[in-house]
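The structure appears right after this line, and notes come after that.
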Amino acid sequence: MFATHKIHKLEGKITIPGDKSISHRAVMLSSISKGTSRVSGFLRGEDCLSTIACFQGLGIEIEDKGEEIVIDGKGLNGLKEPENVLDAGNSGTTMRLLSGILAGQEFLTIVTGDGSLRKRPMARIATPLRQMGATIEGRDKGNLAPLVIRGGNLKAIDYASPVSSAQVKSAILLAGLYSEGNTIVREEIVSRDHTENMLTSLGANIKRENGVVTLEKSELFGQDIQVPGDISSAAFFMAAAAAIPGSHLIIERVGLNPTRTGIIDVLKAMGADIEIDNLFTSGGEEIGDIIVKGKKLKATSLTKEIMPRLIDEIPVIAVIAAVAEGKTTITGAEELKVKESNRITSMVTEMKKLGIQATELSDGMEIEGPNEIGGGQIESYGDHRIAMAMAIAGLFANAPVEIQNSECIAVSFPGFEETLKEIAK
Ligand code: S3P
């Protein structure tokens with residue numbers, strides 16, 4: 001349990017732990033590449049450590065050398081049948097992307113996860129992977145983990161994804177590395193493209209055009225990978241600093257991939273003062289410093305089109321909307337219901353406990369601001385982003401906000417509390 005309370009401002013220069021999506025992909029793709037990969041800036045959060053453990057279970061040597069993670073890639077067909085069940089912990093990315101790779105393996109693997117992950121839908125990946133030729137069984141007709149996967153002999157498919165999900169797109173593309181023919185994934189709204197960027201830089205034959213990704217069966221070659229800071233973690237401090245007049249925060253070397261920067265666009269639309277400096281590109285990923293100066297913010301409306309670019313940031317956006325002037329409406333966000341918790345219900349329930357005027361919608365929420373935020377005891381539902389978003393609410397509250405079950409923050413942001421202490425004035 002930890003508690004936050006009202007502060008005057010956020011000030012300082014910080015770095016943020018590595019990007020979770022890119023860290024997962026670095027371990028997975030390096031494991032099936034030929035040769036050694038060295039990954040710097042890797043996120044040692046519980047989710048990415050689950051990915052490392054799964055690939056060690058598949059016979060890959062992965063060493064944490066402090067400065068970098070060193071992965072001894074064995075090529076596309078170098079994984080071994082695991083002796084035991086693999087555990088993806090709390091991580092949807094681990095389970096879904098790993099399933100794509102396992103679809104290409106002739107051996108049998110069983111993958112499970114924690115109580116939250118065992119409730120999350122897996123049919124979204126099982127259906128296309130079965131169409132490619134893999135056998136996937138699980139509870140609820142193969143929709144729920146534990147999943148039992150036996151793959152091999154895959155054929156390419158042309159798949160129009162019913163959800164804009166990078167996990168679905170990536171699972172199919174990873175299986176596509178093992179499939180005869182051109183694997184094609186079509187998305188109505190383009191989801192984060194870290195898999196495509198990394199596949200390109202590791203040597204895959206991949207093309208992208210207007211929401212259509214085409215991949216040919218390809219070999220990958222190990223490389224040095226630099227993981228930028230996670231914009232989804234930076235978002236908590238960025239949003240808080242933007243909304244507290246007098247704040248001045250610099251967050252260095254954050255990933256600024258355009259499929260992830262919806263949070264910056266939304267904060268700017270709310271009137272925030274945000275600038276980018278020292279921009280460069282590594283492994284196809286844009287990286288730069290974010291400079292935020294605090295101001296009073298105004299309400300905004302978010303609809304379906306922007307969701308894939310900020311889906312993980314909705315909890316903190318909801319908190320900032322509570323102190324902004326006017327009514328913020330968030331719609332087209334049904335995907336929030338199948339995250340680590342139902343994030344629509346979790347956020348509305350917990351914000352109401354602090355006296356915030358929030359209403360649950362079938363596909364989002366409405367927040368009427370500005371609110372006088374009170375203190376209280378908050379439940380995290382074991383969901384890291386709920387815990388951190390509500391900790392940020394405490395920075396605006398007139399009495400302490402205590403977060404129950406806050407250990408889950410270590411899933412994506414080890415050191416969150418310490419970094420907050422460093423910049424809270
Ligand atoms: C992720 C994709 C998103 C995101 C998750 C990480 C990824 O999920 O919410 O935190 O690394 O591919 P969906 O693919 O379900 O949208």
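Going by the structure tokens order, chains are called A, B, ..., each with residues numbered from 1, while ligands are numbered from 1 in the order shown.
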
(request) Would you kindly return, as a ChimeraX atom specification, each protein, DNA or RNA residue with an atom no farther than 6 Å from any atom of range 232-247 of chain A, considering only C-alpha atoms and excluding same-chain residues fewer than 5 positions away? (result) /A:9-11,272,292-297

Counting only C-alpha atoms and all ligand atoms, what are the residues of chain A within 6 Å of ligand 1, and for each of them which pair of atoms is the nearest and at what distance in Å, to one decimal? Sort the table by chain and rising number, as CSV.
residue,atom,partner,partner_atom_place_in_ligand_line,distance
A:Ser21,CA,ligand 1,11 (O),3.7
A:Thr93,CA,ligand 1,11 (O),5.3
A:Ser165,CA,ligand 1,14 (O),3.5
A:Ala166,CA,ligand 1,14 (O),3.9
A:Gln167,CA,ligand 1,14 (O),3.7
A:Val168,CA,ligand 1,14 (O),6.0
A:Ile311,CA,ligand 1,9 (O),5.9
A:Asp312,CA,ligand 1,9 (O),5.3

(message) Considering only strand (DSSP E or B) as DSSP defines it on the backbone, what residues of range 200-238 of chain A qualify? List them as JSON, numbers by chain.
(response) {"A": [206, 207, 208, 209, 212, 213, 214, 215, 216, 221, 224, 225, 226, 229]}

Pull all heavy atoms from the residues just selected and write them as an mmCIF file, in the first residue's frame.
data_model
loop_
_atom_site.group_PDB
_atom_site.id
_atom_site.type_symbol
_atom_site.label_atom_id
_atom_site.label_comp_id
_atom_site.auth_asym_id
_atom_site.auth_seq_id
_atom_site.Cartn_x
_atom_site.Cartn_y
_atom_site.Cartn_z
ATOM 1 N N ILE A 206 9.274 -7.393 -45.171
ATOM 2 C CA ILE A 206 7.971 -6.902 -44.715
ATOM 3 C C ILE A 206 7.661 -5.562 -45.378
ATOM 4 O O ILE A 206 8.559 -4.745 -45.596
ATOM 5 C CB ILE A 206 7.979 -6.789 -43.160
ATOM 6 C CG1 ILE A 206 6.608 -6.363 -42.615
ATOM 7 C CG2 ILE A 206 9.054 -5.883 -42.632
ATOM 8 C CD1 ILE A 206 6.494 -6.540 -41.094
ATOM 9 N N LYS A 207 6.386 -5.394 -45.736
ATOM 10 C CA LYS A 207 5.951 -4.150 -46.404
ATOM 11 C C LYS A 207 4.745 -3.591 -45.666
ATOM 12 O O LYS A 207 3.932 -4.361 -45.149
ATOM 13 C CB LYS A 207 5.484 -4.466 -47.836
ATOM 14 C CG LYS A 207 6.548 -4.438 -48.871
ATOM 15 C CD LYS A 207 5.945 -4.436 -50.291
ATOM 16 C CE LYS A 207 4.671 -5.243 -50.428
ATOM 17 N NZ LYS A 207 4.451 -5.996 -51.627
ATOM 18 N N ARG A 208 4.598 -2.278 -45.659
ATOM 19 C CA ARG A 208 3.436 -1.664 -45.005
ATOM 20 C C ARG A 208 2.859 -0.591 -45.888
ATOM 21 O O ARG A 208 3.588 0.218 -46.447
ATOM 22 C CB ARG A 208 3.872 -0.992 -43.706
ATOM 23 C CG ARG A 208 4.234 -1.957 -42.670
ATOM 24 C CD ARG A 208 4.671 -1.238 -41.442
ATOM 25 N NE ARG A 208 6.108 -1.170 -41.344
ATOM 26 C CZ ARG A 208 6.737 -0.578 -40.346
ATOM 27 N NH1 ARG A 208 6.047 0.024 -39.402
ATOM 28 N NH2 ARG A 208 8.046 -0.581 -40.295
ATOM 29 N N GLU A 209 1.541 -0.581 -46.009
ATOM 30 C CA GLU A 209 0.878 0.428 -46.829
ATOM 31 C C GLU A 209 -0.551 0.611 -46.347
ATOM 32 O O GLU A 209 -1.321 -0.356 -46.332
ATOM 33 C CB GLU A 209 0.855 -0.051 -48.289
ATOM 34 C CG GLU A 209 1.209 1.014 -49.281
ATOM 35 C CD GLU A 209 1.489 0.414 -50.656
ATOM 36 O OE1 GLU A 209 0.959 -0.652 -50.965
ATOM 37 O OE2 GLU A 209 2.254 1.052 -51.399
ATOM 38 N N VAL A 212 -2.190 -1.992 -44.197
ATOM 39 C CA VAL A 212 -2.017 -3.380 -44.656
ATOM 40 C C VAL A 212 -0.539 -3.766 -44.481
ATOM 41 O O VAL A 212 0.344 -3.098 -45.004
ATOM 42 C CB VAL A 212 -2.412 -3.534 -46.145
ATOM 43 C CG1 VAL A 212 -2.286 -4.993 -46.583
ATOM 44 C CG2 VAL A 212 -3.822 -3.015 -46.383
ATOM 45 N N VAL A 213 -0.290 -4.826 -43.732
ATOM 46 C CA VAL A 213 1.087 -5.305 -43.541
ATOM 47 C C VAL A 213 1.223 -6.630 -44.277
ATOM 48 O O VAL A 213 0.384 -7.519 -44.135
ATOM 49 C CB VAL A 213 1.409 -5.550 -42.050
ATOM 50 C CG1 VAL A 213 2.888 -5.839 -41.862
ATOM 51 C CG2 VAL A 213 0.981 -4.385 -41.191
ATOM 52 N N THR A 214 2.288 -6.762 -45.067
ATOM 53 C CA THR A 214 2.529 -7.995 -45.812
ATOM 54 C C THR A 214 3.910 -8.522 -45.438
ATOM 55 O O THR A 214 4.901 -7.795 -45.508
ATOM 56 C CB THR A 214 2.483 -7.719 -47.337
ATOM 57 O OG1 THR A 214 1.261 -7.043 -47.629
ATOM 58 C CG2 THR A 214 2.560 -9.005 -48.143
ATOM 59 N N LEU A 215 3.952 -9.788 -45.016
ATOM 60 C CA LEU A 215 5.216 -10.399 -44.589
ATOM 61 C C LEU A 215 5.455 -11.690 -45.345
ATOM 62 O O LEU A 215 4.563 -12.529 -45.461
ATOM 63 C CB LEU A 215 5.144 -10.693 -43.077
ATOM 64 C CG LEU A 215 6.316 -11.461 -42.475
ATOM 65 C CD1 LEU A 215 7.502 -10.548 -42.238
ATOM 66 C CD2 LEU A 215 5.898 -12.121 -41.164
ATOM 67 N N GLU A 216 6.685 -11.838 -45.841
ATOM 68 C CA GLU A 216 7.068 -13.112 -46.466
ATOM 69 C C GLU A 216 7.796 -13.943 -45.434
ATOM 70 O O GLU A 216 8.466 -13.380 -44.554
ATOM 71 C CB GLU A 216 8.065 -12.836 -47.599
ATOM 72 C CG GLU A 216 7.450 -12.795 -48.965
ATOM 73 C CD GLU A 216 8.538 -12.552 -49.996
ATOM 74 O OE1 GLU A 216 9.505 -13.336 -50.039
ATOM 75 O OE2 GLU A 216 8.426 -11.552 -50.723
ATOM 76 N N PHE A 221 18.055 -11.882 -38.085
ATOM 77 C CA PHE A 221 19.457 -11.862 -37.653
ATOM 78 C C PHE A 221 19.619 -10.953 -36.444
ATOM 79 O O PHE A 221 19.188 -9.795 -36.480
ATOM 80 C CB PHE A 221 20.351 -11.426 -38.819
ATOM 81 C CG PHE A 221 20.238 -12.387 -39.973
ATOM 82 C CD1 PHE A 221 19.305 -12.167 -40.980
ATOM 83 C CD2 PHE A 221 21.000 -13.544 -40.002
ATOM 84 C CE1 PHE A 221 19.152 -13.079 -42.012
ATOM 85 C CE2 PHE A 221 20.847 -14.472 -41.041
ATOM 86 C CZ PHE A 221 19.923 -14.240 -42.045
ATOM 87 N N ASP A 224 21.947 -5.300 -32.050
ATOM 88 C CA ASP A 224 21.846 -4.509 -30.830
ATOM 89 C C ASP A 224 20.539 -3.731 -30.893
ATOM 90 O O ASP A 224 20.212 -3.149 -31.925
ATOM 91 C CB ASP A 224 23.021 -3.531 -30.725
ATOM 92 C CG ASP A 224 24.314 -4.286 -30.459
ATOM 93 O OD1 ASP A 224 24.231 -5.511 -30.216
ATOM 94 O OD2 ASP A 224 25.383 -3.659 -30.499
ATOM 95 N N ILE A 225 19.800 -3.758 -29.806
ATOM 96 C CA ILE A 225 18.496 -3.088 -29.768
ATOM 97 C C ILE A 225 18.496 -2.096 -28.601
ATOM 98 O O ILE A 225 18.847 -2.461 -27.472
ATOM 99 C CB ILE A 225 17.341 -4.112 -29.601
ATOM 100 C CG1 ILE A 225 17.328 -5.097 -30.783
ATOM 101 C CG2 ILE A 225 15.987 -3.397 -29.458
ATOM 102 C CD1 ILE A 225 16.375 -6.279 -30.631
ATOM 103 N N GLN A 226 18.114 -0.861 -28.893
ATOM 104 C CA GLN A 226 18.032 0.164 -27.860
ATOM 105 C C GLN A 226 16.555 0.396 -27.529
ATOM 106 O O GLN A 226 15.776 0.769 -28.403
ATOM 107 C CB GLN A 226 18.665 1.452 -28.410
ATOM 108 C CG GLN A 226 18.727 2.574 -27.423
ATOM 109 C CD GLN A 226 19.357 3.832 -28.031
ATOM 110 O OE1 GLN A 226 19.781 3.863 -29.183
ATOM 111 N NE2 GLN A 226 19.394 4.893 -27.252
ATOM 112 N N GLY A 229 12.526 4.953 -23.353
ATOM 113 C CA GLY A 229 11.618 5.030 -22.211
ATOM 114 C C GLY A 229 10.185 4.833 -22.689
ATOM 115 O O GLY A 229 9.842 5.157 -23.833
#

(request) Go through A:Ala103, A:Leu49, A:Cys408, A:Leu97 one by one, measure the shortest atom-to-atom distance of each to Thr195 in chain A using only C-alpha atoms, and give the residue with the smallest value. (result) A:Leu97

(request) Identify all residues of range 2-184 of chain A in alpha helix (DSSP H) (DSSP on the backbone) and supply them as a ChimeraX atom specification. (result) /A:20-31,46-57,92-102,123-132,139-142,166-176

Based on the selection just made, write C-alpha atoms of those residues as a tab-separated table (two decimals), in the first residue's frame.
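File written: result_6.tsv
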chain	number	residue	atom	x	y	z
A	20	LYS	CA	7.17	-2.55	-22.28
A	21	SER	CA	5.99	-3.38	-25.81
A	22	ILE	CA	9.48	-3.01	-27.30
A	23	SER	CA	11.14	-4.94	-24.43
A	24	HIS	CA	8.83	-7.95	-24.97
A	25	ARG	CA	9.47	-7.91	-28.70
A	26	ALA	CA	13.25	-7.56	-28.22
A	27	VAL	CA	13.37	-10.81	-26.23
A	28	MET	CA	10.97	-12.70	-28.47
A	29	LEU	CA	12.43	-11.70	-31.83
A	30	SER	CA	16.05	-12.00	-30.66
A	31	SER	CA	15.33	-15.54	-29.41
A	46	GLU	CA	7.29	-8.25	-14.11
A	47	ASP	CA	5.60	-8.56	-17.51
A	48	CYS	CA	8.86	-8.53	-19.47
A	49	LEU	CA	10.53	-10.83	-16.93
A	50	SER	CA	7.68	-13.28	-17.66
A	51	THR	CA	8.65	-13.13	-21.34
A	52	ILE	CA	12.29	-13.87	-20.48
A	53	ALA	CA	11.23	-16.85	-18.31
A	54	CYS	CA	9.03	-18.25	-21.11
A	55	PHE	CA	11.88	-18.12	-23.64
A	56	GLN	CA	14.30	-19.65	-21.14
A	57	GLY	CA	11.69	-22.41	-20.77
A	92	GLY	CA	-1.36	-10.32	-22.34
A	93	THR	CA	1.44	-9.35	-24.72
A	94	THR	CA	3.52	-12.34	-23.59
A	95	MET	CA	0.69	-14.83	-24.03
A	96	ARG	CA	-0.62	-13.52	-27.35
A	97	LEU	CA	2.69	-12.85	-29.15
A	98	LEU	CA	4.25	-16.04	-27.81
A	99	SER	CA	1.25	-17.98	-29.17
A	100	GLY	CA	2.10	-16.66	-32.64
A	101	ILE	CA	5.64	-18.04	-32.36
A	102	LEU	CA	4.41	-21.33	-30.86
A	123	ALA	CA	-10.01	-16.32	-29.32
A	124	ARG	CA	-8.82	-13.13	-31.04
A	125	ILE	CA	-5.44	-14.81	-31.64
A	126	ALA	CA	-6.51	-18.48	-31.55
A	127	THR	CA	-8.95	-18.01	-34.46
A	128	PRO	CA	-6.44	-16.65	-37.03
A	129	LEU	CA	-3.64	-18.95	-35.79
A	130	ARG	CA	-5.94	-21.96	-36.29
A	131	GLN	CA	-6.71	-20.69	-39.79
A	132	MET	CA	-2.96	-20.77	-40.43
A	139	ARG	CA	-10.98	-23.42	-21.67
A	140	ASP	CA	-14.19	-21.91	-23.09
A	141	LYS	CA	-13.63	-23.52	-26.53
A	142	GLY	CA	-10.10	-22.27	-26.74
A	166	ALA	CA	-1.13	-4.86	-31.95
A	167	GLN	CA	-1.17	-8.13	-30.04
A	168	VAL	CA	-3.43	-9.76	-32.63
A	169	LYS	CA	-1.51	-8.27	-35.57
A	170	SER	CA	1.84	-9.31	-34.03
A	171	ALA	CA	0.73	-12.89	-33.25
A	172	ILE	CA	-0.24	-13.36	-36.90
A	173	LEU	CA	2.95	-11.75	-38.23
A	174	LEU	CA	5.15	-13.89	-35.95
A	175	ALA	CA	3.35	-17.01	-37.17
A	176	GLY	CA	3.84	-15.59	-40.67

(request) Find the spatial neighbours of Glu305 in chain A, counting only C-alpha atoms, within a cut-off of 10 Å - ignore same-chain residues fewer than 4 positions away - and output them as a list in words. (result) Ser164, Glu188, Ile189, Val190, Arg309, Thr331, Gly332 and Ala333 of chain A

(message) Report as a VMD selection string all protein, DNA and RNA residues lying within 9 Å of Lys155 in chain A, evaluated on only C-alpha atoms, omitting residues in the same chain fewer than 4 positions from it.
(response) chain A and resid 131 to 133 176 178 to 183

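The two atoms in question, CA of Val323 in chain A and CA of Thr259 in chain A, are spaced 26.7 Å apart.
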
(request) Find the residue from A:Gly73, A:Val163, A:Ala204, A:Met122 that sits nearest to Asn143 in chain A; use only C-alpha atoms when measuring. (result) A:Met122

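Atom pair CA of Gly382 in chain A / CA of Ile317 in chain A: separated by 19.4 Å.
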
Sorted by chain and rising residue number, which residues of range 320-359 of chain A lie within 8 Å of range 313-316 of chain A, and what are their closest atom pairs and distances in Å to one decimal, counting only C-alpha atoms, as CSV?
residue,atom,partner,partner_atom,distance
A:Ile320,CA,A:Val316,CA,6.3
A:Arg343,CA,A:Pro315,CA,7.2
A:Met347,CA,A:Pro315,CA,6.5

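Computed from the coordinates, the CA of Gly211 in chain A to CA of Arg186 in chain A distance equals 5.7 Å.
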
(request) Pick out the closest residue to Glu350 in chain A from this set: A:Gly66, A:Gly35, A:Gly326, A:Gly394. Count only C-alpha atoms. (result) A:Gly394

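Proximity ranking of A:Val111, A:Leu76, A:Leu336, A:Ile69 relative to Lys217 in chain A places A:Leu76 first, based on only C-alpha atoms.
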
(message) Need to verify the contact set: Thr36 in chain A, 7 Å, only C-alpha atoms, exclusion of same-chain residues closer than 4 positions in sequence. Can you return it as a PyMOL selection string?
(response) chain A and resi 70-73+222-223

Can those selected residues be exported to a file as a short mmCIF file (atom, residue, chain, number, x, y, z; two decimals), in the first residue's frame so that it contains C-alpha atoms?
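Wrote it out as out.cif, contents follow:
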data_model
loop_
_atom_site.label_atom_id
_atom_site.label_comp_id
_atom_site.auth_asym_id
_atom_site.auth_seq_id
_atom_site.Cartn_x
_atom_site.Cartn_y
_atom_site.Cartn_z
CA VAL A 70 22.20 -10.64 -23.89
CA ILE A 71 20.18 -13.15 -25.90
CA ASP A 72 21.75 -16.06 -27.71
CA GLY A 73 19.34 -16.42 -30.64
CA GLY A 222 20.37 -10.76 -34.11
CA GLN A 223 21.29 -7.13 -33.49
#

(message) Which residues are close to Thr112 in chain A, i.e. within 10 Å by only C-alpha atoms, leaving aside same-chain residues fewer than 4 positions away? Reply as a VMD selection string.
(response) chain A and resid 85 to 90 95 117 to 118 138 144 to 148

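Distance check against Ala3 in chain A using only C-alpha atoms: of A:Val348, A:Ala391, A:Ile16, A:Leu310, the minimum falls on A:Ala391.
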
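The residue that comes closest to Ile356 in chain A, out of A:Ala321, A:His384, A:Gly75, A:Lys339 and on the basis of only C-alpha atoms, is A:Ala321.
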